[in-house]
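K.L.:
To start, I am sharing the structure in question, which I have written as structure tokens.
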Amino acid sequence: MSQRGFRTAKRRYHYLFWPLMGVYTVLVFATSFLVDTNTAPTWLKITSALAVTLPLFGVLYAMRRQTEETDEYTRMRQLQAMRDGGLITAACAFLVGFLQIFEVLDVISVFWFGPLFFITYGLSFCTQNFGKVV
Amino acid sequence: MKNILKILRTEKGWSQAALAEKLDVSRQSINAIETGKYDPSLPLAFAVARLFGRPIEEIFDDEVELAHAAE
């Protein structure tokens, strides 16, 4: 683990996060206009899916790197939030999976588990000190 | 673990943010240490001690926890 300090870690995270999110946004719009899911060939669909996903892999790397480089208390809070996000997402995946097996639910796109993780991660991080003076 | 970080900080006239900047940690870290919600690692405790020019045991007091451990 290579701790660099809170400020350096934050700066390095933002330098990587925002350009990647910019690329991601452009690719989402571009592929949604260019790829017609009814007529596009499979190779184009796969390429588009990979192209859109690659910046997200970069964001995940930035999160991992920041967790390693930031100060110890921030790291602890982030890991706790990731734990909460991961566990809630896993629980929801199991629940939805069994509801589908028992044919209570129709097919739900797996895509939504990604945003669910990030939302629960963010909420957990923000509410750790809820009601306390920080 | 009890500590006198808040007293030392206010003696210097520093805000939590100013101390956090000197130690290169988040302001929330300073608050958590001052309120006893979080115990710093040895490297951070040494950095705090160096910054205030005092020995670690003068700033951080683990007597309460040691008493619990002895019971």
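Ordered as shown in the structure tokens, chains take letters A, B, and onward, while each chain numbers its residues from 1 and ligands are numbered from 1 in the order shown.
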Mind running chain B against segment 69-87 of chain A at 12 Å and telling me each contacting residue's nearest atom pair with the distance in Å (one decimal), counting only C-alpha atoms, chain and number ascending, as CSV?
P.N.:
residue,atom,partner,partner_atom,distance
B:Ala20,CA,A:Asp71,CA,10.4
B:Glu21,CA,A:Asp71,CA,11.5
B:Leu23,CA,A:Asp71,CA,9.6
B:Asp24,CA,A:Asp71,CA,7.5
B:Val25,CA,A:Asp71,CA,5.4
B:Ser26,CA,A:Thr74,CA,7.0
B:Arg27,CA,A:Thr74,CA,9.8
B:Gln28,CA,A:Thr74,CA,8.0
B:Ser29,CA,A:Tyr73,CA,5.6
B:Ile30,CA,A:Tyr73,CA,9.1
B:Asn31,CA,A:Tyr73,CA,10.5
B:Ala32,CA,A:Tyr73,CA,8.4
B:Ile33,CA,A:Tyr73,CA,9.3
B:Lys37,CA,A:Tyr73,CA,10.4
B:Tyr38,CA,A:Tyr73,CA,7.7
B:Asp39,CA,A:Tyr73,CA,9.1
B:Pro40,CA,A:Tyr73,CA,8.0
B:Ser41,CA,A:Glu72,CA,7.8
B:Leu42,CA,A:Glu72,CA,11.0
B:Pro43,CA,A:Glu72,CA,10.2
B:Leu44,CA,A:Glu72,CA,8.7
B:Ala45,CA,A:Glu72,CA,11.7
K.L.:
Just the strand (DSSP E or B) stuff from chain B, please, per backbone DSSP, written as a count of residues only.
P.N.:
4
K.L.:
Could you tell me how far atom CA of Ala40 of chain A lies from atom CA of Leu20 of chain A, in Å and to one decimal?
P.N.:
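Between these atoms lies a distance of 26.0 Å.
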K.L.:
Which is closest to Leu16 of chain A among A:Val110, A:Met63, A:Val104, A:Leu54, if we use only C-alpha atoms?
P.N.:
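Checking each of A:Val110, A:Met63, A:Val104, A:Leu54 against Leu16 of chain A, counting only C-alpha atoms, the winner is A:Met63.
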K.L.:
Write out as a list in words each polymer residue whose atoms come within 8 Å of Val35 of chain A, counting only C-alpha atoms; drop sequence neighbours fewer than 3 positions from it.
P.N.:
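With the cut-off at 8 Å, the set is Thr31, Ser32, Ala40, Leu44, Lys45 and Ser48 of chain A.
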K.L.:
Interatomic distance between atom CA of Thr53 of chain A and atom CA of Leu27 of chain A?
P.N.:
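Calculated distance between atom CA of Thr53 of chain A and atom CA of Leu27 of chain A is 9.3 Å.
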K.L.:
For a test of reading the model, state the distance in Å between atom CA of Leu56 of chain A and atom CA of Tyr121 of chain A, rounded to one decimal.
P.N.:
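Between atom CA of Leu56 of chain A and atom CA of Tyr121 of chain A the gap works out to 15.7 Å.
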K.L.:
Check the smallest atom-to-atom distance from each of B:Ile56, B:Ile4, B:Ala17, B:Leu51 to chain A using only C-alpha atoms, then report the winner.
P.N.:
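Selected residue with least distance to chain A: B:Ala17.
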K.L.:
Taking into account only C-alpha atoms, which residue in the set A:Pro55, A:Asn129, A:Phe111, A:Gln66 is nearest to chain B?
P.N.:
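Answer, going by the shortest atom-to-atom distance: A:Asn129.
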K.L.:
Nearest residue to chain A out of B:Glu63, B:Gln16, B:Ile7, B:Phe46, using only C-alpha atoms?
P.N.:
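Of B:Glu63, B:Gln16, B:Ile7, B:Phe46, the one nearest chain A, counting only C-alpha atoms, is B:Gln16.
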K.L.:
Could you write out, as JSON, numbers by chain, all the residues of chain A that DSSP marks as helix (DSSP H, G or I)?
P.N.:
{"A": [6, 7, 8, 9, 10, 11, 12, 13, 14, 15, 16, 17, 18, 19, 20, 21, 22, 23, 24, 25, 26, 27, 28, 29, 30, 31, 32, 33, 34, 42, 43, 44, 45, 46, 47, 48, 49, 50, 51, 52, 53, 54, 55, 56, 57, 58, 59, 60, 61, 62, 63, 64, 65, 66, 67, 68, 69, 72, 73, 74, 75, 76, 77, 78, 79, 80, 81, 82, 83, 84, 85, 86, 87, 88, 89, 90, 91, 92, 93, 94, 95, 96, 97, 98, 99, 100, 101, 110, 111, 112, 113, 114, 115, 116, 117, 118, 119, 120, 121, 122, 123, 124, 125, 126, 127]}
K.L.:
From the list B:Thr35, B:Asn3, B:Phe52, B:Leu8, which residue is nearest chain A when using only C-alpha atoms?
P.N.:
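Nearest to chain A: B:Thr35.
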